[in-house]
file start-v2.cif (mmCIF, C-alpha atoms)
data_protein
#
loop_
_atom_site.label_atom_id
_atom_site.label_comp_id
_atom_site.auth_asym_id
_atom_site.auth_seq_id
_atom_site.Cartn_x
_atom_site.Cartn_y
_atom_site.Cartn_z
CA MET A 211 20.26 0.04 6.05
CA THR A 212 17.24 -1.77 4.62
CA THR A 213 15.80 -0.15 1.50
CA ILE A 214 12.28 -0.09 0.14
CA ASP A 215 13.40 -2.48 -2.62
CA GLU A 216 14.27 -5.11 -0.01
CA LEU A 217 10.83 -4.72 1.59
CA VAL A 218 9.21 -5.04 -1.85
CA ARG A 219 11.10 -8.29 -2.48
CA LEU A 220 9.91 -9.65 0.87
CA VAL A 221 6.32 -8.37 0.59
CA PRO A 222 5.09 -7.61 -2.94
CA PRO A 223 3.06 -4.38 -3.07
CA PRO A 224 -0.24 -4.09 -4.95
CA THR A 225 -0.12 -3.27 -8.64
CA GLU A 226 -2.60 -0.44 -8.06
CA PRO A 227 -2.07 0.89 -4.53
CA VAL A 228 -4.99 2.69 -2.88
CA ASP A 229 -4.62 6.35 -1.83
CA ALA A 230 -0.88 6.28 -2.53
CA ARG A 231 -0.39 9.70 -4.09
CA GLY A 232 -0.91 13.24 -2.91
CA ASP A 233 0.80 16.48 -1.99
CA TRP A 234 3.40 15.74 0.70
CA SER A 235 4.10 19.46 1.14
CA GLU A 236 0.50 19.97 2.30
CA VAL A 237 0.81 17.06 4.74
CA GLU A 238 4.07 18.37 6.17
CA ALA A 239 2.67 21.90 6.43
CA ALA A 240 -0.31 20.57 8.41
CA LEU A 241 2.03 18.69 10.77
CA GLY A 242 4.68 21.39 10.92
CA LEU A 243 7.27 18.66 10.34
CA GLU A 244 9.16 17.23 7.40
CA LEU A 245 8.59 13.46 7.18
CA PRO A 246 11.18 10.72 6.56
CA ALA A 247 11.84 9.88 2.91
CA ASP A 248 11.47 6.12 3.49
CA PHE A 249 7.93 6.58 4.83
CA LYS A 250 6.90 8.63 1.81
CA THR A 251 8.21 5.89 -0.47
CA LEU A 252 6.43 3.24 1.65
CA VAL A 253 3.10 5.02 1.16
CA GLU A 254 3.70 5.52 -2.56
CA ARG A 255 4.56 1.85 -3.15
CA TYR A 256 1.93 0.19 -0.92
CA GLY A 257 -0.82 2.78 -0.36
CA ARG A 258 -3.60 2.16 2.11
CA GLY A 259 -3.80 -1.37 3.51
CA GLN A 260 -2.38 -3.75 6.07
CA PHE A 261 0.65 -5.97 6.53
CA VAL A 262 -0.18 -9.54 7.70
CA ASP A 263 -3.60 -8.53 9.04
CA LEU A 264 -1.88 -6.54 11.79
CA ILE A 265 0.09 -3.40 10.88
CA THR A 266 -1.64 -0.52 9.10
CA PRO A 267 0.56 2.38 7.95
CA LEU A 268 -1.24 5.72 8.37
CA THR A 269 -1.44 7.01 4.84
CA PRO A 270 -2.30 10.74 4.70
CA PHE A 271 -4.13 10.69 1.35
CA GLY A 272 -7.67 9.86 0.31
CA ALA A 273 -10.86 10.08 2.35
CA HIS A 274 -9.35 8.58 5.53
CA ASP A 275 -6.39 10.74 6.55
CA LEU A 276 -5.46 9.00 9.81
CA LEU A 277 -1.88 10.32 9.95
CA ILE A 278 -2.84 13.95 10.62
CA GLN A 279 -6.01 13.09 12.57
CA ARG A 280 -4.18 10.91 15.08
CA ALA A 281 -1.30 13.36 15.32
CA GLN A 282 -3.65 16.20 16.23
CA GLN A 283 -5.38 14.11 18.89
CA LEU A 284 -2.33 12.50 20.52
CA LEU A 285 -1.27 15.04 23.12
CA GLY A 286 -4.83 15.82 24.19
CA ARG A 287 -5.56 12.11 24.59
CA GLU A 288 -2.47 11.41 26.71
CA ARG A 289 -2.16 14.65 28.67
CA SER A 290 -4.30 13.72 31.68
CA PHE A 291 -2.65 10.30 32.05
CA ARG A 292 0.81 11.86 31.95
CA GLU A 293 -0.14 14.44 34.55
CA LYS A 294 -1.29 11.67 36.85
CA TYR A 295 1.51 9.18 36.09
CA PRO A 296 4.51 11.15 34.78
CA ASP A 297 6.96 8.30 35.39
CA GLU A 298 5.00 6.08 33.00
CA CYS A 299 5.57 8.45 30.06
CA PRO A 300 9.28 8.53 29.16
CA TYR A 301 8.78 10.43 25.90
CA PRO A 302 7.09 13.70 24.95
CA PHE A 303 4.13 13.58 22.57
CA TYR A 304 3.66 15.39 19.27
CA PRO A 305 3.48 18.40 18.85
CA GLU A 306 5.95 18.76 21.74
CA PRO A 307 9.57 19.04 20.53
CA GLY A 308 11.00 15.58 19.86
CA GLY A 309 7.64 14.00 20.66
CA LEU A 310 6.24 10.64 19.59
CA LEU A 311 4.37 10.74 16.28
CA GLU A 312 2.42 7.69 15.14
CA TRP A 313 3.07 6.36 11.61
CA ALA A 314 1.26 3.01 11.87
CA GLY A 315 -1.20 1.23 14.12
CA THR A 316 -1.98 -2.41 14.82
CA ASP A 317 -5.20 -4.37 15.21
CA ASN A 318 -4.10 -5.05 18.81
CA GLY A 319 -4.26 -1.34 19.65
CA ASP A 320 -0.50 -0.75 19.56
CA SER A 321 1.20 2.19 17.87
CA LEU A 322 4.36 2.36 15.78
CA CYS A 323 5.78 5.83 16.31
CA TRP A 324 8.73 8.00 15.42
CA LEU A 325 10.67 9.81 18.10
CA THR A 326 10.92 13.09 16.22
CA GLU A 327 14.38 14.14 17.37
CA GLY A 328 16.93 15.45 14.86
CA GLU A 329 16.66 15.10 11.10
CA PRO A 330 13.60 13.15 9.86
CA ASP A 331 15.63 10.42 8.16
CA SER A 332 17.32 9.68 11.49
CA TRP A 333 14.10 9.36 13.53
CA ARG A 334 13.94 6.21 15.66
CA VAL A 335 10.96 3.86 15.76
CA VAL A 336 9.26 3.40 19.12
CA VAL A 337 6.73 0.58 19.48
CA TRP A 338 4.14 1.66 22.05
CA ASN A 339 1.42 -0.31 23.83
CA PRO A 340 -0.82 2.33 25.47
CA ARG A 341 -2.81 -0.31 27.37
CA SER A 342 0.12 -1.62 29.40
CA VAL A 343 2.13 1.62 29.05
CA ALA A 344 5.02 -0.25 27.43
CA TYR A 345 7.58 1.26 25.04
CA ASP A 346 10.27 -0.41 22.94
CA ALA A 347 12.70 1.81 20.99
CA HIS A 348 14.68 0.78 17.89
CA ASP A 349 17.44 2.84 16.27
CA ILE A 350 16.04 2.38 12.77
CA GLY A 351 13.40 3.90 10.51
CA ALA A 352 9.96 2.75 9.45
CA VAL A 353 10.89 0.67 6.39
CA GLU A 354 13.77 -1.07 8.12
CA PHE A 355 11.59 -1.86 11.12
CA LEU A 356 8.85 -3.34 8.94
CA HIS A 357 11.31 -5.45 6.97
CA GLY A 358 13.08 -6.59 10.12
CA TRP A 359 9.92 -7.58 11.98
CA LEU A 360 8.24 -9.22 8.98
CA SER A 361 11.38 -11.25 8.25
CA GLY A 362 11.89 -12.26 11.89
CA ARG A 363 15.20 -10.41 12.10
CA ILE A 364 13.82 -7.87 14.60
CA THR A 365 11.67 -8.71 17.61
CA THR A 366 9.79 -6.62 20.12
CA PRO A 367 7.90 -7.76 23.22
CA ILE A 368 4.94 -5.62 22.19
CA LEU A 369 4.13 -7.23 18.82
CA PRO A 370 3.43 -10.95 18.31
CA GLY A 371 6.58 -13.06 18.48
CA GLU A 372 5.73 -15.38 15.60
CA VAL A 373 5.98 -14.00 12.07
CA GLU A 374 4.52 -15.38 8.88
CA ALA A 375 6.75 -17.46 6.60
CA SER A 376 5.42 -15.60 3.55
CA PRO A 377 4.26 -12.17 4.73
CA TRP A 378 1.71 -10.28 2.66
CA PHE A 379 0.16 -6.84 2.24
CA GLU A 380 -3.59 -6.53 1.75
CA PRO A 381 -4.65 -3.30 -0.01
CA PHE A 382 -7.60 -1.49 1.49
CA LEU A 383 -11.02 -2.59 0.35
CA GLU A 384 -14.27 -1.56 1.96
CA ARG A 385 -15.54 -4.64 3.79
CA GLU A 386 -18.24 -5.50 6.29
CA HIS A 387 -17.16 -7.57 9.31
CA VAL A 388 -19.28 -10.21 11.05
CA TYR A 389 -18.40 -12.42 14.02
CA ILE A 390 -20.25 -15.76 14.10
CA ARG A 391 -20.29 -17.33 17.56
CA LEU A 392 -20.52 -21.14 17.49
CA SER A 393 -21.46 -23.92 19.88
CA GLU A 394 -19.03 -26.74 20.56
CA SER A 395 -18.84 -29.72 18.22
CA GLU A 396 -17.89 -33.38 18.58
CA SER A 397 -15.58 -33.08 15.56
CA PRO A 398 -11.94 -32.12 16.21
CA TYR A 399 -10.74 -28.63 15.32
CA HIS A 400 -8.78 -29.63 12.22
CA GLU A 401 -11.81 -31.43 10.78
CA ARG A 402 -14.07 -28.42 11.39
CA LEU A 403 -11.51 -26.17 9.71
CA ARG A 404 -11.33 -28.50 6.69
CA ILE A 405 -15.12 -28.47 6.31
CA LEU A 406 -15.21 -24.67 6.53
CA ARG A 407 -12.49 -24.19 3.93
CA ASP A 408 -14.00 -26.78 1.59
CA ALA A 409 -17.29 -24.88 1.74
CA LEU A 410 -15.55 -21.68 0.60
CA ALA A 411 -12.96 -23.20 -1.78
CA PRO A 412 -10.68 -22.18 -3.32
CA THR A 413 -8.92 -20.72 -0.28
CA ALA A 414 -5.41 -19.46 0.51
CA ASP A 415 -3.53 -19.50 3.80
CA ARG A 416 -3.00 -16.18 5.60
CA GLY A 417 -1.27 -17.44 8.74
CA SER A 418 -2.16 -19.43 11.83
CA TYR A 419 -1.57 -19.69 15.56
CA SER A 420 -1.74 -22.70 17.86
CA ASP A 421 -0.96 -23.32 21.50
CA GLU A 422 -0.63 -27.08 21.85
CA ASP A 423 -0.01 -28.90 25.09
CA ASP A 424 3.05 -31.06 25.81
CA HIS A 425 1.45 -34.04 24.05
CA GLY A 426 0.79 -32.14 20.83
CA ASP A 427 -2.96 -32.28 21.39
CA GLU A 428 -5.28 -29.50 20.34
CA ASP A 429 -6.42 -27.32 23.20
CA ASP A 430 -8.55 -24.19 23.39
CA ALA A 431 -6.13 -21.84 21.61
CA ARG A 432 -6.18 -22.27 17.82
CA GLN A 433 -6.52 -19.61 15.16
CA ASP A 434 -6.38 -19.94 11.37
CA HIS A 435 -6.55 -17.04 8.92
CA PHE A 436 -7.38 -17.65 5.27
CA ALA A 437 -8.92 -16.02 2.23
CA ALA A 438 -11.76 -17.30 0.07
CA THR A 439 -9.94 -16.18 -3.05
CA ASP A 440 -12.74 -16.24 -5.64
CA LEU A 441 -15.14 -14.52 -3.26
CA GLY A 442 -12.77 -11.86 -1.96
CA TRP A 443 -13.63 -12.76 1.65
CA LEU A 444 -11.14 -12.81 4.53
CA LEU A 445 -11.80 -15.27 7.36
CA THR A 446 -10.50 -16.35 10.73
CA TYR A 447 -11.60 -19.57 12.40
CA GLU A 448 -10.57 -19.74 16.02
CA THR A 449 -10.98 -20.86 19.58
CA VAL A 450 -8.63 -18.21 21.00
CA TYR A 451 -11.30 -15.59 21.71
CA GLY A 452 -14.15 -18.03 21.92
CA HIS A 453 -15.29 -20.52 19.29
CA GLN A 454 -16.11 -18.38 16.30
CA ILE A 455 -15.73 -17.54 12.62
CA ARG A 456 -14.77 -13.98 11.75
CA VAL A 457 -15.49 -12.94 8.18
CA ALA A 458 -14.91 -9.73 6.21
CA PHE A 459 -16.65 -9.38 2.85
CA PRO A 460 -17.42 -6.65 0.31
CA PRO A 461 -20.66 -4.73 0.80
CA GLY A 462 -23.49 -6.51 -0.95
CA ASP A 463 -22.23 -10.00 -0.11
CA GLY A 464 -23.97 -10.18 3.26
CA GLU A 465 -26.78 -12.61 2.36
CA ARG A 466 -24.43 -14.84 0.38
CA ALA A 467 -22.00 -14.94 3.31
CA ARG A 468 -24.79 -15.68 5.79
CA VAL A 469 -26.12 -18.63 3.77
CA ALA A 470 -22.68 -20.09 3.07
CA LEU A 471 -21.37 -19.80 6.62
CA PHE A 472 -24.54 -20.99 8.34
CA ASP A 473 -24.50 -24.06 6.09
CA ALA A 474 -20.78 -24.63 6.81
CA ALA A 475 -21.40 -24.34 10.55
CA ARG A 476 -24.13 -26.97 10.36
CA ARG A 477 -21.79 -29.37 8.54
CA MET A 478 -19.10 -28.65 11.16
CA GLY A 479 -21.55 -29.94 13.77
CA CYS A 480 -22.06 -26.49 15.32
CA GLN A 481 -25.01 -24.30 16.10
CA VAL A 482 -24.82 -20.57 15.42
CA LEU A 483 -25.23 -18.88 18.81
CA SER A 484 -24.98 -15.25 17.73
CA THR A 485 -23.87 -13.02 14.87
CA THR A 486 -22.54 -9.52 15.51
CA THR A 487 -20.51 -6.78 13.92
CA ARG A 488 -17.02 -6.23 15.32
CA LEU A 489 -18.59 -3.48 17.42
CA GLY A 490 -20.89 -6.06 19.04
CA GLU A 491 -24.08 -5.02 17.26
CA PRO A 492 -26.45 -7.88 16.27
CA VAL A 493 -26.70 -8.72 12.56
CA TRP A 494 -28.25 -11.48 10.45
CA THR A 495 -31.05 -11.93 12.98
#
call {"tool": "encode", "arguments": {"input": "start-v2.cif", "output": "structure tokens"}}
result
Amino acid sequence: MTTIDELVRLVPPPTEPVDARGDWSEVEAALGLELPADFKTLVERYGRGQFVDLITPLTPFGAHDLLIQRAQQLLGRERSFREKYPDECPYPFYPEPGGLLEWAGTDNGDSLCWLTEGEPDSWRVVVWNPRSVAYDAHDIGAVEFLHGWLSGRITTPILPGEVEASPWFEPFLEREHVYIRLSESESPYHERLRILRDALAPTADRGSYSDEDDHGDEDDARQDHFAATDLGWLLTYETVYGHQIRVAFPPGDGERARVALFDAARRMGCQVLSTTTRLGEPVWT
């Protein structure tokens, strides 16, 4: 069985984890369930944050207690769908006996759940995609699942198939998010990416995705994640969901980010078509 120490060796935790400590007895009393020991240790070592810009454990401490909030909403949210399509719901939902209980979510809208049958330390992980009503069960706990998926030892059709060579954990920091929609450019993708990263240097890789054709040429499906390390900004440059730059920056950096990224876009040979929050609301206009 994978231990928390093995996960720590694979993915170093922050030196000062955010919202990592609290009263577990109060959490368990609110849920009416004892929680697995490995999950408690996971929260205490990593705190609030995200693995590889995708998986966010639901820490129950601090101002954003998503673990209990989502648990209390789960059955009510899924009840009408299950009544209409009972064959699509193979598992009960918390607080039903043995029901699914979410312990992490993903940026793709998926849920990592426990099937709360038997003793807590024996609960299985079920990866659930509510959009396509797909479930994938694994006879392991939360820490072992995270280590297995992040190391490439465990796969699931619901999460992305490619894993990062050097996975990371990003502790929670309040950030504003802006999507910058760009026109096309005569410069190739790799040259535009170089210009963008040079404008924000120094930068550090945070993973990438590419879908090249049989000739190895760039097509319309590239995505590169990186950090502007001195600025504390997180960025994605991509053509997967349209030609755009996505940036997340601390509050107060908005004008600095606007000036820097508009100038970088100009040097990339692109026009800025629109700027919105991740909720689609116009900004920087």
call {"tool": "closest_residue", "arguments": {"input": "start-v2.cif", "among": "A:Gln260, A:Thr366, A:Thr446, A:Ser342", "to": "A:Gly315", "atoms": "all atoms listed in the file"}}
result
A:Gln260
call {"tool": "resolve_selection", "arguments": {"input": "start-v2.cif", "expression": "the PyMOL selection byres ((chain A and resi 487) around 10)", "output": "count of residues only"}}
result
17
call {"tool": "residues_around", "arguments": {"input": "start-v2.cif", "residues": "A:Val450", "least_positions_apart": "4", "cutoff": "9 Å", "atoms": "all atoms listed in the file", "output": "ChimeraX atom specification"}}
result
/A:420,430-433,454
call {"tool": "residues_around", "arguments": {"input": "start-v2.cif", "residues": "A:Glu226", "least_positions_apart": "5", "cutoff": "9 Å", "atoms": "all atoms listed in the file", "output": "number ranges by chain"}}
result
A: 255-257, 381
call {"tool": "write_last_selection", "arguments": {"input": "start-v2.cif", "atoms": "C-alpha atoms", "output": "tab-separated table (two decimals), keeping the file's coordinate frame"}}
result
chain	number	residue	atom	x	y	z
A	255	ARG	CA	4.56	1.85	-3.15
A	256	TYR	CA	1.93	0.19	-0.92
A	257	GLY	CA	-0.82	2.78	-0.36
A	381	PRO	CA	-4.65	-3.30	-0.01
call {"tool": "resolve_selection", "arguments": {"input": "start-v2.cif", "expression": "the PyMOL selection byres ((chain A and resi 477) around 12)", "output": "PyMOL selection string"}}
result
chain A and resi 395-397+401-409+470-476+478-482
call {"tool": "residues_near_point", "arguments": {"input": "start-v2.cif", "point": "(0.8, -10.6, 7.1)", "cutoff": "10 Å", "atoms": "all atoms listed in the file", "output": "PyMOL selection string"}}
result
chain A and resi 221+260-265+360+373-380+416-417+435
call {"tool": "write_last_selection", "arguments": {"input": "start-v2.cif", "atoms": "C-alpha atoms", "output": "mmCIF file, in the frame of the given file"}}
result
data_model
loop_
_atom_site.group_PDB
_atom_site.id
_atom_site.type_symbol
_atom_site.label_atom_id
_atom_site.label_comp_id
_atom_site.auth_asym_id
_atom_site.auth_seq_id
_atom_site.Cartn_x
_atom_site.Cartn_y
_atom_site.Cartn_z
ATOM 1 C CA VAL A 221 6.320 -8.370 0.590
ATOM 2 C CA GLN A 260 -2.380 -3.750 6.070
ATOM 3 C CA PHE A 261 0.650 -5.970 6.530
ATOM 4 C CA VAL A 262 -0.180 -9.540 7.700
ATOM 5 C CA ASP A 263 -3.600 -8.530 9.040
ATOM 6 C CA LEU A 264 -1.880 -6.540 11.790
ATOM 7 C CA ILE A 265 0.090 -3.400 10.880
ATOM 8 C CA LEU A 360 8.240 -9.220 8.980
ATOM 9 C CA VAL A 373 5.980 -14.000 12.070
ATOM 10 C CA GLU A 374 4.520 -15.380 8.880
ATOM 11 C CA ALA A 375 6.750 -17.460 6.600
ATOM 12 C CA SER A 376 5.420 -15.600 3.550
ATOM 13 C CA PRO A 377 4.260 -12.170 4.730
ATOM 14 C CA TRP A 378 1.710 -10.280 2.660
ATOM 15 C CA PHE A 379 0.160 -6.840 2.240
ATOM 16 C CA GLU A 380 -3.590 -6.530 1.750
ATOM 17 C CA ARG A 416 -3.000 -16.180 5.600
ATOM 18 C CA GLY A 417 -1.270 -17.440 8.740
ATOM 19 C CA HIS A 435 -6.550 -17.040 8.920
#
call {"tool": "atom_distance", "arguments": {"input": "start-v2.cif", "atom1": "atom CA of A:Pro223", "atom2": "atom CA of A:Val253"}}
result
10.3 Å
call {"tool": "residues_around", "arguments": {"input": "start-v2.cif", "residues": "A:Leu245", "least_positions_apart": "3", "cutoff": "9 Å", "atoms": "only C-alpha atoms", "output": "PyMOL selection string"}}
result
chain A and resi 234+237-238+248-250+330-331
call {"tool": "closest_residue", "arguments": {"input": "start-v2.cif", "among": "A:Gly362, A:Val335, A:Leu241, A:Thr266", "to": "A:Pro305", "atoms": "all atoms listed in the file"}}
result
A:Leu241
